[in-house]
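Structure record follows, encoded as structure tokens.
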Amino acid sequence: MTLLDIENLTVSFPQHDGVVQAVRGVSLRVAAGESVGIVGESGSGKSVTCMAALRLLREPPSRIAADRLELGGIDVLRAGRAHLTAVRGRVAAMVFQDPMTAFDPVFSIGHQIVETIRAHRDLSKSAATVEAAALLARVEIKHPDAILNSYPHQLSGGMLQRAMIAMALSSRPQILFADEPTTALDVTIQAQILHLIKQLQAELGMALIMVTHDLGVVAETVDRVVVMYGGRVMETAPVQDIFDAPLHPYTQALMASMPGRTPGKQRLVEIAGASPNPANPPTGCPFHPRCAVADAHCAAEAPAFRALSDTRAAACWRLA
Amino acid sequence: MTPALELKNLSKTYQLRQSGGFFARSTDHLAVNNVSLTLPRNQILGLVGESGSGKTTTGMMAMRLVEPSAGQILVGGTDITALGHAALKPYRRKMQVVFQDSYSALDPMMTLAQIVAEPLHIHGLGTGAEQTEQALDMLVKTGLDHSYGNRYPHELSGGQRQRVAIARALILHPTVLVADEPTSALDVSVKAQIINLLLDLQAEMGLSILFISHDLSVVRSLTDKVAVMFQGRIVEEATTETIFTDARHPYTRSLLDAIPVLNPRDRRARTFLTRAQIEAATPRLSGQDGRPELLDIAPGHRLEAIR
Amino acid sequence: MSDTPRSPLYFAWRRFADNKAALVAGAILLLIILMAIFAPLIAKTGYADQKFLTQAYAFPQAEFWFGVDDLGRDFFTRIVYGARVSLTIGFTAAAFSLVIGIPLGAIAGYYGGRADWCVMRLIELFSVVPPLLAAMLLGALTNGGFLTIVLIAALFGWVQVCLLVRAQVKAIAQKEFVRAAQALGATPGYIIRRHLIPNAISPIIVGFVLAIPLAMMLEASLSFLGIGVPPPTPSWGQMINVGMNFMYFYWHLAVFPTAALAITVLATTLFGDGLRDALDPTLKGR
Amino acid sequence: MIRYILGRLASILLTFTVVSVIVFLMMHAVPGGPFDGNDMPVNDAVKAKLNASLGLDQPLYVQYFKYMWGVLHFDFGIPFQSPGETVLDLLARAWPPSLILGGAGVLIGAPLGILLGMAAALRRNTWIDYLASAFATLGLTIPVFVISMALIMVFAVWLNWLPASGWGKPNAWVLPIIAYAAIPMATYARYTRSAMLDVLNKPFVTVLRAKGLSERRIIFQHVLRNAALPMVTVFLPMFIGTATGSIFVEAMFRVPGLGAYFVSSIELRDYSLEMALILMITMMFCLAYLISDIIYALLNPRIRFGERK
């Protein structure tokens, strides 16, 4: 069953001088229980795609268009407000990058989890509180009752991220979006949080969309990878294939430039140039100015995203 | 040969004041606790640890940007800990700093040429025209052509801004560079460029770099030696290879264990230690009780352990 | 990336040009300033000439655009010269506000700690004293006059400038380019001069422009109460006070100075607000 | 929390002391004493005796402490313009009109302003926003006496609906209350708009939406509660500022309130009344700020519970 079905999504932000196209024709399907990593650098459109899927961008100024945008069979693009609030949290929940700013500072953690539970289920306050404590225990928080009564500023980033995950899971969503959930955390905490997300995903049978810039996070957590660059999907493949045999020149370059692959102080393989400026993107394929194998065709026309096998697809003229 | 930079028993205590003027309570917080480090000439020393471990404070004390509460800082063998503003100025030329956030590191109101020439300006070296010329040469050296001279920081990408910051740091030909997480705010595809630039310039200009980072993968590709900080103390120090293959301290090991795998094939179960568990697992060299100390356990390998 | 390098102030200007209300307000303000500068060319008589005693209280007509006042003076002339007084006081007081506010704000923001505490207590002092009452007391003690009003207005106008500069300097002082300059051995004076003040230019401009209407209002209020600019120097506040007495019979004596004051203050404020909106985003550092 | 309040108390006390010293010194800097006027010829010996009986021959700091000691017992002396009563009696008589009109102005203006500001923030960049912002700018920039003048011209002179003055009849209160309400309304409209927009742009609001909360709950529970934090702190000082009487509104509408006495005390050089007025209003402002700080601390968990250890 397809849970998330995006076809030809574009998201644009009108600016002072012209329109910034943050997402340019992205298609993405995620089935129930699947775990997908969306990898990209800043400005690749990976976060905007997820925010658009839940209609969390402010419209206006942003403008969303798509041939299809469905979550759990509900047309998110045309859904009314009431419909959207039913989808959010219940069909799809989201964990954000910076846990320190993700909680309302004037309410206790418990209040914020309880209100989430009660927004979707007809439970009494005390029943919801019991459930909230159970959720906190589930994300391996030692003293759930103490944490319920704490305010966000009293907790560490790692603890808050756990609480955020508990809150996201409170209405048993079918799909969890995790938008750079560990970027703001230390390495050791990152490992714990990734482990926790993976474990919960397996236990609850949720689909997972892990948005990250870090190939290591992808290698740790997901089954399938979507590589984005300049607002487009460059390549998608099962995670092992991406690491063993990347096909798209961008994915290849990215793999080659990862630091720490071989021991010893040494120069790395670098990708020349800078990532495209969303306000003024290059013509044709967004990667062509930095691509080693690009030719005039690549500069003139953007390659279509096409299937290369049952499980793999890419957007590159060289792979046609 | 005297080392480029030596830190001897550096400590920093912060007084944390809570809001409320007159009657504010203040508590002491020991951010850096008795840290000694030696940065040999022409080497890159990695200083790693999690946020709050005191690594940045240590780097800032080495630069005399934060005043140490105790200890000494030696640059090329000279003690600069107590030097006043004027006496310190000649030594300022020998040590420079590059920060993590390249956006906030460049004055938005100044052109790139002005930014890179600023060190010459502050030290009164050369005429205005000479300063600009040198600045443009330095920009070229870091990979930005002459046309960038009259641009403003907001027109650049993150990687380009970091190049400018490096150009400014190196224009005085310092012997010591403190680099505080210079690659962690950069895009993945640009990170390698900046690491290579640092490696090239280090070899070309004979620099010694104190490289502060939480990214162990970068540290592995860039450094000769690594010191690991935990709760304000150095718990282990050794050559990069030794740290990555033969770490002895439980904290170092938990750090290394937490690095994400480089290939999905290597996924593994991990055990996570709490701070208390790490403290409790402090290595014991002879099975006796006592206070942990930083001990030499092999040539160039220091370890915090109970003797 | 555009081909010609653009300074951050260029983008501020572009944003300002987009703000229609602020542009119109700026144009009106410019018109009033020009009127004030060239008052002798526009007005038909001197501001104190009682040439039309026989036509005193005359209503607006072709010959006297705004009518004639109770003492037989052309009221249009009075209003135009009133702009001179109002604007001069506004600009001078705003300039004095900068003279006090910039250094105090910069010191409080850069050094923080004890210096900041002292400046903040000083500001608290001014926030608990009702400004108009204190101004009246001061005005009464010193018998009013032009310079006194300027000084009183500056005394209460600097607080806003100081707070704006302090906040900006505090934000900038944390930036790493300031640390980089410190690492190069730059003196605090150099850093304040070369980095902090140029980066605080936006709050300084905004503070200056927004201090002008405050000073103009204070002058009008004091003159209205009869302890401001002494007659026969024309002041809108004073004219409103006089006009109030004839309100039921000769409306023009009350309406024109009221409108003149309202339009000027409003134009200046809208212009200042526009500047603030245009300058803020760049200098907050994205 | 207790330390925070003690700290604020100390700083407010310091401020009040400094203000009282400055005002006291200013009063004494005025050339001539109360018996130097031409209309009260007194010979030098008598003057010295009178000065001695009033304690005016003592060192300045002794006079200051004596005066402040009196103030602590609500003894502000005798007003020269009405020697039959104490300053306190006069204040008790003159304050109620100001309190009624000003208080009503704030209590009507502030809620209206909050509604206006909320509407502007929630309908950002629509005509509602522009209209509310224009209203707020007008209210803040046009001097009160201009507003009063306009009200009188329109409603009393041209339309003749309401009287322009006359304290006795309640329908005479309408126009001054509107004039009083203008500033609180404009201030709150502006404040609410910017505070709400500030909160609406915080990341946690996106999180609240992602959780599936209704927009109404997000706005009324979370956004308003956060925006209220800065908004409650301006209320009391504004109330004091308005309820102690506007010189202009009272002059325009001929209300026998505090403001009117302030003008007369300056015109008549009635320094004991003037000093009492400034000290009283300053003291009320100090108290207002102190209470606001305490309310802020109570509403803000960061201060209520302290930082993380």
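Every chain in the structure tokens takes a letter, A first, then B, and so on in the order presented; its residues are numbered from 1, and the ligands are numbered from 1 following the presented order.
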DSSP helix (DSSP H, G or I) residues within range 137-244 of chain C, listed as an MDAnalysis selection string: chainID C and resid 137:142 146:173 176:183 188:199 201:224 236:244
Write out as number ranges by chain which residues come within 8 Å of Pro278 in chain A when counting only C-alpha atoms, dropping same-chain ones fewer than 4 positions away. A: 20-22, 43, 230
Go ahead and write the residues just picked, N, CA and C atoms, as a tab-separated table (two decimals), in the first residue's frame.
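Resulting contents of part_12.tsv:
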chain	number	residue	atom	x	y	z
A	20	VAL	N	11.89	31.89	-6.43
A	20	VAL	CA	12.81	30.83	-6.08
A	20	VAL	C	12.07	29.50	-6.14
A	21	GLN	N	12.56	28.60	-6.99
A	21	GLN	CA	11.95	27.28	-7.07
A	21	GLN	C	12.72	26.33	-6.19
A	22	ALA	N	12.18	26.05	-5.01
A	22	ALA	CA	12.90	25.21	-4.06
A	22	ALA	C	12.80	23.74	-4.43
A	43	GLY	N	19.58	23.58	0.54
A	43	GLY	CA	19.08	24.10	-0.72
A	43	GLY	C	18.72	23.03	-1.73
A	230	GLY	N	19.66	20.50	-5.96
A	230	GLY	CA	19.08	21.61	-6.70
A	230	GLY	C	17.58	21.49	-6.93
Counting only C-alpha atoms, what are the residues of chain B within 9 Å of chain C, and for each of them which pair of atoms is the nearest and at what distance in Å, to one decimal? Sort the table by chain and rising number, as a Markdown table.
| residue | atom | partner | partner_atom | distance |
| --- | --- | --- | --- | --- |
| B:Gly21 | CA | C:Trp117 | CA | 7.9 |
| B:Met63 | CA | C:Ala183 | CA | 6.6 |
| B:Arg64 | CA | C:Ala183 | CA | 7.6 |
| B:Leu65 | CA | C:Ala183 | CA | 6.5 |
| B:His85 | CA | C:Gly185 | CA | 7.2 |
| B:Ala86 | CA | C:Gly185 | CA | 8.2 |
| B:Leu88 | CA | C:Gly185 | CA | 7.5 |
| B:Lys89 | CA | C:Gly185 | CA | 5.3 |
| B:Pro90 | CA | C:Gly185 | CA | 8.5 |
| B:Tyr91 | CA | C:Gly185 | CA | 8.9 |
| B:Arg92 | CA | C:Leu184 | CA | 5.5 |
| B:Arg93 | CA | C:Leu184 | CA | 6.7 |
| B:Met95 | CA | C:Ala183 | CA | 8.1 |
| B:Gln96 | CA | C:Ala183 | CA | 6.6 |
| B:Val97 | CA | C:Ala180 | CA | 6.8 |
| B:Val98 | CA | C:Ala180 | CA | 7.9 |
| B:Phe99 | CA | C:Glu176 | CA | 7.0 |
| B:Gln100 | CA | C:Glu176 | CA | 8.9 |
| B:Asp101 | CA | C:Glu176 | CA | 7.7 |
| B:Ser102 | CA | C:Glu176 | CA | 8.3 |
| B:Tyr103 | CA | C:Gly285 | CA | 8.1 |
| B:Ser104 | CA | C:Lys175 | CA | 5.3 |
| B:Ala105 | CA | C:Phe177 | CA | 4.2 |
| B:Leu106 | CA | C:Phe177 | CA | 5.2 |
| B:Asp107 | CA | C:Phe177 | CA | 5.9 |
| B:Pro108 | CA | C:Pro8 | CA | 7.2 |
| B:Met109 | CA | C:Asn199 | CA | 6.6 |
| B:Met110 | CA | C:Ser7 | CA | 8.2 |
| B:Thr111 | CA | C:Ser7 | CA | 8.1 |
| B:Glu118 | CA | C:Ala181 | CA | 8.1 |
| B:Pro119 | CA | C:Leu184 | CA | 6.2 |
| B:Ile122 | CA | C:Ala186 | CA | 6.2 |
| B:His123 | CA | C:Leu184 | CA | 8.1 |
| B:Tyr148 | CA | C:Pro5 | CA | 8.7 |
| B:Asn150 | CA | C:Pro5 | CA | 6.5 |
| B:Arg151 | CA | C:Pro5 | CA | 4.9 |
| B:Tyr152 | CA | C:Ser7 | CA | 6.3 |
| B:His154 | CA | C:Pro8 | CA | 7.9 |
| B:Glu155 | CA | C:Met1 | CA | 6.4 |
| B:Leu156 | CA | C:Met1 | CA | 8.1 |
| B:Ala169 | CA | C:Ala180 | CA | 8.4 |
Please, which residues of chain A lie no more than 9 Å from chain B when the count uses only C-alpha atoms, and can they be set out as number ranges by chain? A: 40-42, 185-192, 195, 213-222, 239-240, 243-244, 253-254, 257-275, 277
Residues near Thr282 in chain B, cut-off 7 Å, only C-alpha atoms, skip fewer than 6 positions along chain, as a list in words: His249, Pro250 and Ala305 of chain B
Selection file, N, CA, C and O atoms, as a compact mmCIF listing (two decimals), in the first residue's frame:
# COMPACT_ATOMS: atom_id res chain seq x y z
N HIS B 249 40.72 4.77 26.44
CA HIS B 249 39.78 5.35 27.40
C HIS B 249 38.34 5.03 26.98
O HIS B 249 38.02 5.09 25.79
N PRO B 250 37.48 4.68 27.95
CA PRO B 250 36.09 4.34 27.59
C PRO B 250 35.37 5.46 26.85
O PRO B 250 34.55 5.19 25.98
N ALA B 305 44.01 7.67 33.67
CA ALA B 305 43.81 6.36 34.29
C ALA B 305 44.17 6.43 35.75
O ALA B 305 44.74 7.42 36.22
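The interatomic distance for the pair CA of Val48 in chain B and CA of Met138 in chain B works out to 29.4 Å.
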Within 12 Å of Val128 in chain C, counting only C-alpha atoms, which residues qualify if same-chain residues fewer than 2 places away don't, as an MDAnalysis selection string? (chainID C and resid 121:126 130:134 156) or (chainID D and resid 12:20 237:238 240:241 278:290)
